[in-house]
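Trainee: Enclosed is the structure file start_13.csv (CSV, C-alpha atoms and all ligand atoms).
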chain,number,residue,atom,x,y,z
A,619,MET,CA,-24.4,3.4,19.3
A,620,SER,CA,-26.5,6.6,19.3
A,621,ILE,CA,-28.8,7.1,16.3
A,622,SER,CA,-27.1,10.4,15.3
A,623,ASN,CA,-23.7,8.6,15.1
A,624,GLU,CA,-25.2,5.8,13.1
A,625,LEU,CA,-26.7,8.2,10.6
A,626,SER,CA,-23.4,10.2,10.5
A,627,PHE,CA,-21.2,7.2,9.7
A,628,SER,CA,-23.4,5.6,7.1
A,629,SER,CA,-25.1,6.4,3.8
A,630,SER,CA,-28.6,7.4,4.9
A,631,LEU,CA,-31.6,9.0,3.3
A,632,ILE,CA,-31.5,11.7,6.0
A,633,LYS,CA,-28.3,13.1,4.4
A,634,TYR,CA,-30.2,13.8,1.2
A,635,LEU,CA,-32.7,15.8,3.1
A,636,HIS,CA,-29.8,17.8,4.5
A,637,ASN,CA,-28.8,18.8,1.0
A,638,PRO,CA,-32.1,20.4,-0.3
A,639,TYR,CA,-30.2,22.4,-3.0
A,640,ALA,CA,-29.1,19.0,-4.6
A,641,LEU,CA,-32.6,17.6,-4.6
A,642,GLU,CA,-33.9,20.8,-6.3
A,643,SER,CA,-31.1,20.6,-8.9
A,644,TYR,CA,-32.0,17.0,-9.5
A,645,ILE,CA,-35.6,17.8,-10.1
A,646,ASN,CA,-34.5,20.6,-12.5
A,647,ASN,CA,-32.2,18.3,-14.4
A,648,LYS,CA,-29.1,20.1,-13.1
A,649,CYS,CA,-26.0,18.6,-11.5
A,650,SER,CA,-26.9,17.2,-8.1
A,651,ALA,CA,-23.6,15.4,-7.3
A,652,VAL,CA,-22.8,16.1,-3.6
A,653,CYS,CA,-20.3,13.3,-3.1
A,654,ALA,CA,-18.1,11.3,-5.5
A,655,HIS,CA,-16.4,8.0,-5.2
A,656,VAL,CA,-13.0,7.8,-6.8
A,657,SER,CA,-11.4,4.3,-7.2
A,658,PRO,CA,-7.9,5.2,-8.5
A,659,GLU,CA,-6.2,1.8,-8.3
A,660,GLY,CA,-7.1,-1.8,-9.5
A,661,SER,CA,-4.4,-3.6,-7.6
A,662,CYS,CA,-3.9,-4.4,-3.9
A,663,ASN,CA,-0.9,-5.1,-1.7
A,664,LEU,CA,-2.8,-7.9,0.1
A,665,GLU,CA,-4.0,-11.3,-1.3
A,666,CYS,CA,-6.9,-12.2,1.0
A,667,SER,CA,-8.3,-15.5,-0.1
A,668,TYR,CA,-11.9,-14.3,0.5
A,669,CYS,CA,-11.4,-11.1,-1.6
A,670,GLN,CA,-14.5,-10.2,-3.6
A,671,VAL,CA,-12.7,-7.6,-5.7
A,672,LYS,CA,-11.4,-8.6,-9.1
A,673,LYS,CA,-7.9,-7.1,-8.8
A,674,THR,CA,-6.4,-5.8,-12.0
A,675,THR,CA,-3.5,-3.6,-13.2
A,676,ASN,CA,-6.1,-1.0,-14.2
A,677,ARG,CA,-5.3,2.5,-12.9
A,678,LEU,CA,-6.8,5.9,-13.3
A,679,GLU,CA,-4.6,8.6,-14.8
A,680,LEU,CA,-4.2,11.5,-12.5
A,681,ARG,CA,-5.4,13.9,-15.2
A,682,THR,CA,-8.6,11.8,-15.6
A,683,ILE,CA,-9.3,12.2,-11.9
A,684,LYS,CA,-8.5,15.9,-12.0
A,685,LYS,CA,-10.8,16.6,-14.9
A,686,PHE,CA,-13.6,14.7,-13.2
A,687,ILE,CA,-13.1,16.6,-9.9
A,688,ASP,CA,-12.9,20.0,-11.8
A,689,SER,CA,-16.2,19.3,-13.6
A,690,LEU,CA,-18.1,18.4,-10.5
A,691,SER,CA,-16.6,20.8,-8.0
A,692,ARG,CA,-17.6,23.7,-10.2
A,693,ASN,CA,-21.1,22.3,-10.0
A,694,GLY,CA,-21.7,21.8,-6.3
A,695,LEU,CA,-19.6,18.8,-5.4
A,696,LYS,CA,-18.8,18.8,-1.6
A,697,SER,CA,-16.9,15.6,-0.9
A,698,VAL,CA,-14.8,12.8,-2.3
A,699,ILE,CA,-14.4,9.2,-1.0
A,700,LEU,CA,-11.2,7.4,-2.1
A,701,THR,CA,-12.0,3.7,-2.4
A,702,GLY,CA,-11.4,0.5,-4.4
A,703,GLY,CA,-11.3,-1.4,-6.7
A,704,GLY,CA,-8.0,-2.3,-5.3
A,705,GLU,CA,-6.2,-0.4,-2.4
A,706,PRO,CA,-6.4,3.4,-3.0
A,707,LEU,CA,-3.2,4.0,-0.9
A,708,LEU,CA,-1.3,2.0,-3.4
A,709,TYR,CA,-1.9,4.6,-6.1
A,710,PRO,CA,1.5,6.0,-7.1
A,711,GLU,CA,0.4,9.6,-7.1
A,712,ILE,CA,-1.7,9.4,-4.0
A,713,ASN,CA,-0.2,12.4,-2.2
A,714,GLU,CA,-0.6,14.6,-5.3
A,715,LEU,CA,-4.2,13.4,-5.7
A,716,ILE,CA,-5.1,14.1,-2.1
A,717,LYS,CA,-3.6,17.6,-2.3
A,718,TYR,CA,-5.6,18.3,-5.5
A,719,ILE,CA,-8.8,17.3,-3.9
A,720,LYS,CA,-8.2,19.5,-0.9
A,721,LYS,CA,-7.1,22.4,-3.1
A,722,ASN,CA,-10.7,22.2,-4.5
A,723,ASN,CA,-12.1,22.7,-1.0
A,724,LEU,CA,-13.6,19.2,-0.9
A,725,LYS,CA,-14.1,17.1,2.2
A,726,LEU,CA,-12.3,13.8,2.0
A,727,GLY,CA,-12.9,10.3,3.3
A,728,ILE,CA,-11.1,7.0,2.5
A,729,ILE,CA,-11.9,3.3,2.6
A,730,THR,CA,-8.7,1.4,2.9
A,731,ASN,CA,-7.2,-1.9,4.1
A,732,GLY,CA,-5.2,0.2,6.7
A,733,THR,CA,-1.8,-1.2,5.9
A,734,LEU,CA,-0.2,1.6,3.8
A,735,PHE,CA,-0.5,4.8,5.8
A,736,THR,CA,3.3,5.2,5.6
A,737,ARG,CA,2.9,6.0,1.9
A,738,LEU,CA,1.2,9.3,2.9
A,739,ASP,CA,3.2,12.4,3.7
A,740,ASP,CA,2.2,14.5,6.8
A,741,ILE,CA,-0.1,16.9,4.8
A,742,SER,CA,-1.9,14.0,3.1
A,743,ILE,CA,-2.5,11.9,6.2
A,744,SER,CA,-3.9,15.0,8.0
A,745,SER,CA,-6.4,15.7,5.1
A,746,PHE,CA,-9.2,13.2,5.9
A,747,GLU,CA,-12.5,14.0,7.6
A,748,TRP,CA,-12.8,10.2,8.1
A,749,ILE,CA,-10.9,7.0,7.5
A,750,ARG,CA,-12.6,3.6,7.3
A,751,ILE,CA,-10.5,0.5,7.6
A,752,SER,CA,-12.0,-2.6,6.0
A,753,ILE,CA,-11.0,-5.7,7.9
A,754,ASN,CA,-12.0,-8.9,6.1
A,755,ASN,CA,-10.3,-11.4,8.3
A,756,PRO,CA,-9.6,-10.0,11.8
A,757,ILE,CA,-7.6,-12.9,13.0
A,758,LEU,CA,-5.1,-12.5,10.1
A,759,ASN,CA,-5.1,-8.7,9.7
A,760,CYS,CA,-5.8,-7.1,13.1
A,761,VAL,CA,-2.4,-7.4,14.7
A,762,ASN,CA,-0.6,-5.8,11.7
A,763,ILE,CA,-3.2,-3.1,11.2
A,764,LEU,CA,-3.1,-2.3,14.9
A,765,ASN,CA,0.6,-1.9,14.9
A,766,ASP,CA,0.7,0.2,11.7
A,767,LEU,CA,-2.2,2.4,12.8
A,768,LYS,CA,-0.7,3.0,16.3
A,769,LYS,CA,2.5,4.3,14.7
A,770,GLN,CA,0.5,6.7,12.5
A,771,LEU,CA,-2.0,8.0,15.1
A,772,HIS,CA,0.1,11.0,16.1
A,773,ARG,CA,0.0,12.2,12.4
A,774,ILE,CA,-3.9,11.9,12.2
A,775,PRO,CA,-5.8,14.9,13.6
A,776,LYS,CA,-8.1,14.1,16.5
A,777,THR,CA,-11.0,15.6,14.5
A,778,CYS,CA,-10.7,12.8,11.9
A,779,ASN,CA,-13.2,10.0,12.6
A,780,ILE,CA,-11.7,6.5,12.3
A,781,GLY,CA,-14.0,3.5,11.8
A,782,ILE,CA,-13.6,-0.2,11.1
A,783,SER,CA,-15.8,-2.1,8.8
A,784,TYR,CA,-16.1,-5.9,9.0
A,785,VAL,CA,-18.2,-7.9,6.6
A,786,CYS,CA,-19.0,-11.2,8.1
A,787,GLY,CA,-19.3,-14.1,5.6
A,788,THR,CA,-20.2,-17.8,6.2
A,789,ASN,CA,-16.9,-18.5,7.9
A,790,ILE,CA,-18.0,-17.8,11.4
A,791,VAL,CA,-15.5,-20.1,13.0
A,792,LYS,CA,-13.9,-18.2,15.9
A,793,LEU,CA,-16.4,-15.3,15.5
A,794,GLU,CA,-16.0,-14.3,19.1
A,795,GLU,CA,-12.2,-14.2,18.7
A,796,LYS,CA,-12.6,-12.1,15.5
A,797,ILE,CA,-14.8,-9.6,17.1
A,798,ASN,CA,-12.6,-9.4,20.2
A,799,LYS,CA,-9.6,-8.7,17.9
A,800,ILE,CA,-11.4,-5.8,16.3
A,801,LEU,CA,-12.4,-4.4,19.7
A,802,SER,CA,-8.8,-4.5,20.8
A,803,ILE,CA,-8.0,-2.2,17.9
A,804,THR,CA,-11.0,0.0,18.8
A,805,ASN,CA,-9.8,0.5,22.3
A,806,GLU,CA,-6.1,1.1,21.6
A,807,CYS,CA,-6.5,3.3,18.5
A,808,ASN,CA,-9.2,5.8,19.2
A,809,ILE,CA,-11.6,4.2,16.8
A,810,ASP,CA,-15.0,5.9,16.7
A,811,TYR,CA,-17.1,3.1,15.4
A,812,VAL,CA,-17.1,-0.5,14.3
A,813,ARG,CA,-19.5,-1.4,11.5
A,814,ILE,CA,-20.4,-5.1,11.3
A,815,SER,CA,-22.4,-6.3,8.4
A,816,THR,CA,-23.2,-9.6,6.7
A,817,ASP,CA,-22.0,-10.5,3.2
A,818,ARG,CA,-24.9,-9.4,0.9
A,819,PHE,CA,-24.2,-12.2,-1.6
A,820,LEU,CA,-25.4,-14.7,0.9
A,821,SER,CA,-29.0,-15.9,1.0
A,822,VAL,CA,-31.5,-14.2,3.3
A,823,LYS,CA,-31.5,-17.2,5.5
A,824,GLU,CA,-27.7,-17.4,5.7
A,825,MET,CA,-27.6,-13.6,6.5
A,826,ASN,CA,-30.2,-14.0,9.2
A,827,ASP,CA,-28.4,-17.0,10.8
A,828,ILE,CA,-25.1,-15.0,10.9
A,829,LYS,CA,-26.9,-12.0,12.4
A,830,VAL,CA,-28.2,-14.1,15.2
A,831,LYS,CA,-24.7,-15.5,15.9
A,832,ILE,CA,-23.2,-12.0,15.9
A,833,THR,CA,-25.9,-10.7,18.2
A,834,ASN,CA,-25.2,-13.5,20.6
A,835,VAL,CA,-21.5,-12.7,20.6
A,836,LEU,CA,-22.2,-9.0,21.1
A,837,SER,CA,-24.7,-9.6,24.0
A,838,ASN,CA,-22.0,-9.5,26.6
A,839,ILE,CA,-19.9,-6.6,25.4
A,840,ASP,CA,-20.1,-2.8,25.4
A,841,LYS,CA,-21.9,-1.9,22.1
A,842,SER,CA,-21.5,1.9,22.4
A,843,LYS,CA,-19.2,2.0,19.3
A,844,ILE,CA,-20.8,-0.9,17.4
A,845,MET,CA,-23.2,-0.6,14.4
A,846,LEU,CA,-24.7,-4.0,13.4
A,847,THR,CA,-26.2,-3.0,10.0
A,848,ASP,CA,-29.5,-4.5,9.3
A,849,LYS,CA,-30.0,-3.6,5.7
A,850,LEU,CA,-32.5,-5.0,3.4
A,851,TYR,CA,-30.8,-6.2,0.2
A,852,LYS,CA,-33.3,-6.1,-2.7
A,853,ALA,CA,-33.9,-4.6,-6.1
A,854,PRO,CA,-35.3,-1.1,-6.2
A,855,CYS,CA,-38.7,-0.7,-7.9
A,856,SER,CA,-37.2,2.1,-9.9
A,857,ASN,CA,-35.8,1.8,-13.4
A,858,VAL,CA,-33.3,4.5,-12.8
A,859,CYS,CA,-30.6,4.5,-10.1
A,860,HIS,CA,-31.4,8.0,-8.8
A,861,ARG,CA,-28.6,7.7,-6.2
A,862,SER,CA,-25.9,7.6,-8.9
A,863,TYR,CA,-26.6,11.2,-9.8
A,864,PHE,CA,-25.9,12.3,-6.2
A,865,LYS,CA,-22.9,10.1,-5.7
A,866,PRO,CA,-21.3,9.0,-9.0
A,867,TYR,CA,-18.4,6.5,-8.9
A,868,LEU,CA,-15.3,7.1,-11.0
A,869,SER,CA,-13.8,3.7,-11.5
A,870,GLU,CA,-10.4,2.5,-12.8
A,871,ILE,CA,-12.1,0.0,-15.0
A,872,PRO,CA,-11.8,1.2,-18.6
A,873,TYR,CA,-15.0,2.2,-20.4
A,874,ASP,CA,-13.4,0.7,-23.6
A,875,GLU,CA,-10.0,0.0,-25.0
A,876,TYR,CA,-9.5,3.7,-25.8
A,877,THR,CA,-10.7,5.2,-22.5
A,878,ASN,CA,-9.1,5.6,-19.2
A,879,GLY,CA,-11.7,4.8,-16.5
A,880,SER,CA,-15.4,4.8,-16.5
A,881,ILE,CA,-18.4,6.2,-14.5
A,882,LEU,CA,-20.3,3.5,-12.6
A,883,PRO,CA,-23.4,4.0,-10.5
A,884,CYS,CA,-22.0,2.7,-7.3
A,885,GLY,CA,-19.3,0.4,-5.8
A,886,CYS,CA,-21.7,-2.5,-5.2
A,887,VAL,CA,-21.7,-3.4,-8.8
A,888,VAL,CA,-17.9,-4.0,-8.7
A,889,HIS,CA,-17.7,-6.2,-5.6
A,890,GLY,CA,-18.4,-9.9,-5.7
A,891,ARG,CA,-19.6,-10.0,-9.2
A,892,ASP,CA,-17.0,-12.0,-11.1
A,893,ASN,CA,-19.6,-13.4,-13.5
A,894,VAL,CA,-21.3,-10.2,-14.2
A,895,ASP,CA,-20.5,-8.1,-17.2
A,896,ILE,CA,-19.6,-4.8,-15.6
A,897,LYS,CA,-20.0,-3.0,-18.9
A,898,LYS,CA,-23.8,-3.3,-18.5
A,899,TYR,CA,-23.6,-1.0,-15.5
A,900,MET,CA,-21.3,1.7,-17.0
A,901,LEU,CA,-23.0,5.1,-17.2
A,902,CYS,CA,-20.6,7.0,-19.4
A,903,LYS,CA,-16.9,7.9,-20.0
A,904,PRO,CA,-15.3,10.0,-17.3
A,905,ASP,CA,-15.2,13.1,-19.5
A,906,GLU,CA,-19.0,12.8,-20.0
A,907,ILE,CA,-19.8,13.2,-16.3
A,908,LEU,CA,-21.5,16.5,-16.7
A,909,LYS,CA,-23.6,15.3,-19.6
A,910,PHE,CA,-24.7,12.4,-17.3
A,911,VAL,CA,-25.5,14.4,-14.2
A,912,ASN,CA,-27.3,17.0,-16.3
A,913,LYS,CA,-29.4,14.1,-17.6
A,914,ASN,CA,-28.3,14.4,-21.2
A,915,ILE,CA,-27.5,10.7,-21.2
A,916,CYS,CA,-30.2,8.1,-20.9
A,917,PHE,CA,-29.9,5.9,-17.9
A,918,PRO,CA,-28.5,2.7,-19.5
A,919,PHE,CA,-30.0,-0.1,-17.4
A,920,SER,CA,-32.8,-1.0,-15.1
A,921,PRO,CA,-31.8,-1.4,-11.4
A,922,ASN,CA,-35.2,-3.2,-11.0
A,923,THR,CA,-33.9,-6.1,-13.2
A,924,LEU,CA,-30.1,-5.9,-12.7
A,925,CYS,CA,-29.6,-5.0,-9.0
A,926,ASP,CA,-31.3,-7.7,-7.1
A,927,LYS,CA,-29.1,-7.2,-4.0
A,928,CYS,CA,-29.0,-3.4,-3.8
A,929,GLU,CA,-28.4,-2.1,-0.3
A,930,TYR,CA,-29.7,1.3,-1.2
A,931,SER,CA,-33.1,0.4,-2.7
A,932,ASP,CA,-35.0,2.3,0.0
A,933,ILE,CA,-33.0,5.5,-0.8
A,934,ILE,CA,-33.5,5.0,-4.5
A,935,ASP,CA,-37.2,4.4,-4.3
A,936,THR,CA,-37.7,7.3,-1.9
A,937,LEU,CA,-35.7,9.6,-4.3
A,938,GLU,CA,-38.1,8.5,-7.1
A,939,TYR,CA,-41.2,9.5,-5.0
A,940,LEU,CA,-39.5,12.7,-3.8
A,941,THR,CA,-38.7,13.9,-7.2
A,942,GLU,CA,-42.0,12.7,-8.7
A,943,SER,CA,-43.5,15.9,-10.2
A,944,ASN,CA,-47.1,14.6,-10.4
A,945,ILE,CA,-47.7,14.7,-6.7
A,946,ILE,CA,-50.2,17.4,-5.8
A,947,HIS,CA,-51.2,19.0,-2.5
A,948,LYS,CA,-47.6,19.0,-1.4
A,949,GLU,CA,-48.3,21.8,1.1
A,950,PHE,CA,-50.6,19.5,3.1
A,951,LEU,CA,-48.1,17.6,5.2
B,1001,LIG,S1,-7.4,-5.9,1.3
B,1001,LIG,FE1,-9.4,-5.9,0.3
B,1001,LIG,S2,-9.0,-5.6,-1.9
B,1001,LIG,FE2,-7.1,-6.2,-0.9
B,1001,LIG,S3,-7.0,-8.4,-1.2
B,1001,LIG,FE3,-7.9,-8.1,0.8
B,1001,LIG,S4,-10.1,-8.1,0.5
B,1001,LIG,FE4,-9.1,-7.8,-1.5
B,1002,LIG,S1,-26.8,-1.7,-6.8
B,1002,LIG,FE1,-28.2,-0.1,-6.1
B,1002,LIG,S2,-26.9,1.7,-5.9
B,1002,LIG,FE2,-25.8,0.3,-7.2
B,1002,LIG,S3,-26.5,0.7,-9.3
B,1002,LIG,FE3,-27.8,-0.8,-8.6
B,1002,LIG,S4,-29.6,0.3,-7.8
B,1002,LIG,FE4,-27.9,1.8,-8.0
Turn this file's structure into structure tokens for me.

Mentor:
Amino acid sequence: MSISNELSFSSSLIKYLHNPYALESYINNKCSAVCAHVSPEGSCNLECSYCQVKKTTNRLELRTIKKFIDSLSRNGLKSVILTGGGEPLLYPEINELIKYIKKNNLKLGIITNGTLFTRLDDISISSFEWIRISINNPILNCVNILNDLKKQLHRIPKTCNIGISYVCGTNIVKLEEKINKILSITNECNIDYVRISTDRFLSVKEMNDIKVKITNVLSNIDKSKIMLTDKLYKAPCSNVCHRSYFKPYLSEIPYDEYTNGSILPCGCVVHGRDNVDIKKYMLCKPDEILKFVNKNICFPFSPNTLCDKCEYSDIIDTLEYLTESNIIHKEFL
């Protein structure tokens, strides 16, 4: 896959440099949120045995999401990604939510299991800049997703980029069959890219072994649409997650028993962390989002000690250096 496509379809540092106004706002302790994750729904319609998400009956109230979007879109927000938690297309007011986001002139992406597009009306399904379908077990899910997606393709504009994300865990039995199943969808459904990554909760050795096996399987096939991500999972050096100011995450997980939803720093802290107290990562209540992004709330935890498998540590540490005010001779590139 070309480097510009890889950078377009992933969360890369280059994108921060393309938003210089946000970097400047960040340095000046003003709102720098360019993109927001919204996880409206804690439940899911599937019951994958390998699911890393703790599914719940938690759900964001529509007015919580609207207030969050209003606050940030008045202060420079450009885009929203609907994600989970559970499955965002299961959210009862999904059509109203999508229309509200578009009414605020925000670009929209979604990460979904790809099985519930029929819940979207014609306007909603044509509202996405991109759709990413997460397939966790291609052998089980691909046929259904393929059939559902094929029926919906005529309602999705050609300008919308559709991608598939496959996280490969230790179960690499039939790996070739799994990858071939994904490629069959790619070819039949105008998929723009397939992102294959390894489960970041495995050891480095396990991840490397799996990468070798994937590379072997891929050696004989056309890789023009495939991204095999080679991320370094490690704790940032920083004691602040700078990324969370540019891309806050509105979660359906309640901040406390009186509050609907919470603001988290990213989605990584939700996934695969059954034993971890998510409250340690909570940044603030949803209605305090402007206080947080304007840096009127102290960052509550140290990523250096709590985020040992961060996939964005390079972005976070670079943002720290970039916004470091003590650097002199900046004109001498
Ligand atoms: S689709 Fe995703 S969230 Fe739903 S059960 Fe499967 S892995 Fe979990
Ligand atoms: S895992 Fe990374 S992106 Fe998420 S809160 Fe920790 S440092 Fe930030």

Trainee: Might you pull out every residue within 9 Å of stretch 620-633 of chain A, with only C-alpha atoms counted and same-chain residues fewer than 2 positions away left off, and present them as an MDAnalysis selection string?

Mentor: chainID A and resid 635:637 779 781 811 813 842:843 845 930 932:934 936:937

Trainee: Using all atoms listed in the file, which residues have at least one atom no more than 7 Å from ligand LIG 1002 (chain B)? Output them as a PyMOL selection string.

Mentor: chain A and resi 853-854+859+861-862+883-887+921+924-925+927-931+934

Trainee: Report the closest atom pair, with its distance in Å rounded to one decimal, for each residue of chain A that has an atom no farther than 9 Å from ligand LIG 1001 (chain B); count all atoms listed in the file, sort by chain and then rising residue number, and write it as a Markdown table.

Mentor:
| residue | atom | partner | partner_atom | distance |
| --- | --- | --- | --- | --- |
| A:Gly660 | CA | B:LIG1001 | S2 | 8.7 |
| A:Ser661 | CA | B:LIG1001 | S2 | 7.6 |
| A:Cys662 | CA | B:LIG1001 | FE2 | 4.7 |
| A:Asn663 | CA | B:LIG1001 | FE2 | 6.3 |
| A:Leu664 | CA | B:LIG1001 | S3 | 4.4 |
| A:Glu665 | CA | B:LIG1001 | S3 | 4.2 |
| A:Cys666 | CA | B:LIG1001 | FE3 | 4.2 |
| A:Ser667 | CA | B:LIG1001 | S3 | 7.3 |
| A:Tyr668 | CA | B:LIG1001 | S4 | 6.5 |
| A:Cys669 | CA | B:LIG1001 | S4 | 3.9 |
| A:Gln670 | CA | B:LIG1001 | FE4 | 6.3 |
| A:Val671 | CA | B:LIG1001 | FE4 | 5.5 |
| A:Lys672 | CA | B:LIG1001 | FE4 | 8.0 |
| A:Lys673 | CA | B:LIG1001 | S2 | 7.1 |
| A:Gly702 | CA | B:LIG1001 | S2 | 7.0 |
| A:Gly703 | CA | B:LIG1001 | S2 | 6.8 |
| A:Gly704 | CA | B:LIG1001 | S2 | 4.8 |
| A:Glu705 | CA | B:LIG1001 | S2 | 5.9 |
| A:Thr730 | CA | B:LIG1001 | S1 | 7.6 |
| A:Asn731 | CA | B:LIG1001 | S1 | 4.9 |
| A:Gly732 | CA | B:LIG1001 | S1 | 8.4 |
| A:Thr733 | CA | B:LIG1001 | S1 | 8.6 |
| A:Ser752 | CA | B:LIG1001 | FE1 | 7.1 |
| A:Ile753 | CA | B:LIG1001 | S1 | 7.5 |
| A:Asn754 | CA | B:LIG1001 | S4 | 6.0 |
| A:Asn755 | CA | B:LIG1001 | S4 | 8.5 |

Trainee: With all atoms listed in the file as the atoms that count, which of A:Cys778, A:Lys685, A:Asn765, A:Leu695 lies nearest to A:Ile728?

Mentor: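 Nearest candidate to A:Ile728 out of A:Cys778, A:Lys685, A:Asn765, A:Leu695: A:Cys778.
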
Trainee: If you count all atoms listed in the file, which residues fall within 9 Å of A:Ile757, apart from same-chain ones fewer than 6 positions away, as a PyMOL selection string?

Mentor: chain A and resi 792+795-797+799-800

Trainee: Between A:Tyr899, A:Lys841, A:Leu771, A:Leu940, which is the closest to A:Ser869 once you count all atoms listed in the file?

Mentor: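 Nearest candidate to A:Ser869 out of A:Tyr899, A:Lys841, A:Leu771, A:Leu940: A:Tyr899.
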
Trainee: Calculated over all atoms listed in the file, which of the candidates A:Leu882, A:Ile790, A:Leu715, A:Leu707 has the smallest distance to A:Lys903?

Mentor: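 The answer is A:Leu882, which sits nearest to A:Lys903.
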
Trainee: Between atom CA of A:Ile881 and atom CA of A:Glu942, what is the spacing in Å?

Mentor: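 These two atoms are separated by 25.2 Å.
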
Trainee: So, with only C-alpha atoms as the atoms that count, which of A:His655, A:Lys776, A:Lys948, A:Lys648 lies closest to A:Cys807?

Mentor: A:Lys776

Trainee: So which one's closest to A:Tyr939, A:Met825, A:Val785, A:Cys855, A:Leu820? Using only C-alpha atoms, please.

Mentor: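 Ranking A:Met825, A:Val785, A:Cys855, A:Leu820 by distance to A:Tyr939, first place goes to A:Cys855.
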
Trainee: Nearest residue to A:Cys760 out of A:Ser802, A:Lys720, A:Asp740, A:Ala651, using only C-alpha atoms?

Mentor: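 Of the candidates, the smallest distance to A:Cys760 is held by A:Ser802.
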
Trainee: Any idea what the distance is between atom CA of A:Thr941 and atom CA of A:Tyr644?

Mentor: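 Interatomic distance here is 7.7 Å.
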
Trainee: List as number ranges by chain: which residues have an atom within 12 Å of (5.6, 12.6, 0.7), counting all atoms listed in the file?

Mentor: A: 710-717, 735-743

Trainee: Take the structure in the block and write a file for stretch 813-824 of chain A, N, CA and C atoms, as a PDB file, in the first residue's frame.

Mentor:
ATOM      1  N   ARG A 813      -6.479  -3.528   7.250  1.00  0.00           N
ATOM      2  CA  ARG A 813      -5.418  -3.290   8.235  1.00  0.00           C
ATOM      3  C   ARG A 813      -5.290  -4.528   9.119  1.00  0.00           C
ATOM      4  N   ILE A 814      -4.122  -5.119   9.086  1.00  0.00           N
ATOM      5  CA  ILE A 814      -3.892  -6.311   9.920  1.00  0.00           C
ATOM      6  C   ILE A 814      -2.908  -5.935  11.012  1.00  0.00           C
ATOM      7  N   SER A 815      -3.302  -6.200  12.252  1.00  0.00           N
ATOM      8  CA  SER A 815      -2.366  -5.907  13.346  1.00  0.00           C
ATOM      9  C   SER A 815      -2.354  -7.079  14.318  1.00  0.00           C
ATOM     10  N   THR A 816      -1.382  -7.064  15.201  1.00  0.00           N
ATOM     11  CA  THR A 816      -1.319  -8.132  16.195  1.00  0.00           C
ATOM     12  C   THR A 816      -1.920  -7.628  17.501  1.00  0.00           C
ATOM     13  N   ASP A 817      -2.427  -8.554  18.280  1.00  0.00           N
ATOM     14  CA  ASP A 817      -3.048  -8.208  19.559  1.00  0.00           C
ATOM     15  C   ASP A 817      -1.989  -7.603  20.490  1.00  0.00           C
ATOM     16  N   ARG A 818      -2.216  -6.351  20.909  1.00  0.00           N
ATOM     17  CA  ARG A 818      -1.161  -5.672  21.658  1.00  0.00           C
ATOM     18  C   ARG A 818      -1.022  -6.188  23.091  1.00  0.00           C
ATOM     19  N   PHE A 819      -1.931  -7.070  23.516  1.00  0.00           N
ATOM     20  CA  PHE A 819      -1.795  -7.608  24.863  1.00  0.00           C
ATOM     21  C   PHE A 819      -0.956  -8.877  24.905  1.00  0.00           C
ATOM     22  N   LEU A 820      -0.408  -9.241  23.736  1.00  0.00           N
ATOM     23  CA  LEU A 820       0.513 -10.386  23.710  1.00  0.00           C
ATOM     24  C   LEU A 820       1.917  -9.903  24.064  1.00  0.00           C
ATOM     25  N   SER A 821       2.797 -10.851  24.345  1.00  0.00           N
ATOM     26  CA  SER A 821       4.190 -10.465  24.608  1.00  0.00           C
ATOM     27  C   SER A 821       4.849 -10.056  23.287  1.00  0.00           C
ATOM     28  N   VAL A 822       5.975  -9.341  23.387  1.00  0.00           N
ATOM     29  CA  VAL A 822       6.674  -8.898  22.180  1.00  0.00           C
ATOM     30  C   VAL A 822       7.057 -10.116  21.329  1.00  0.00           C
ATOM     31  N   LYS A 823       7.494 -11.186  22.002  1.00  0.00           N
ATOM     32  CA  LYS A 823       7.897 -12.382  21.249  1.00  0.00           C
ATOM     33  C   LYS A 823       6.699 -12.975  20.495  1.00  0.00           C
ATOM     34  N   GLU A 824       5.571 -13.080  21.204  1.00  0.00           N
ATOM     35  CA  GLU A 824       4.368 -13.637  20.541  1.00  0.00           C
ATOM     36  C   GLU A 824       3.973 -12.773  19.344  1.00  0.00           C
TER      37      GLU A 824
END
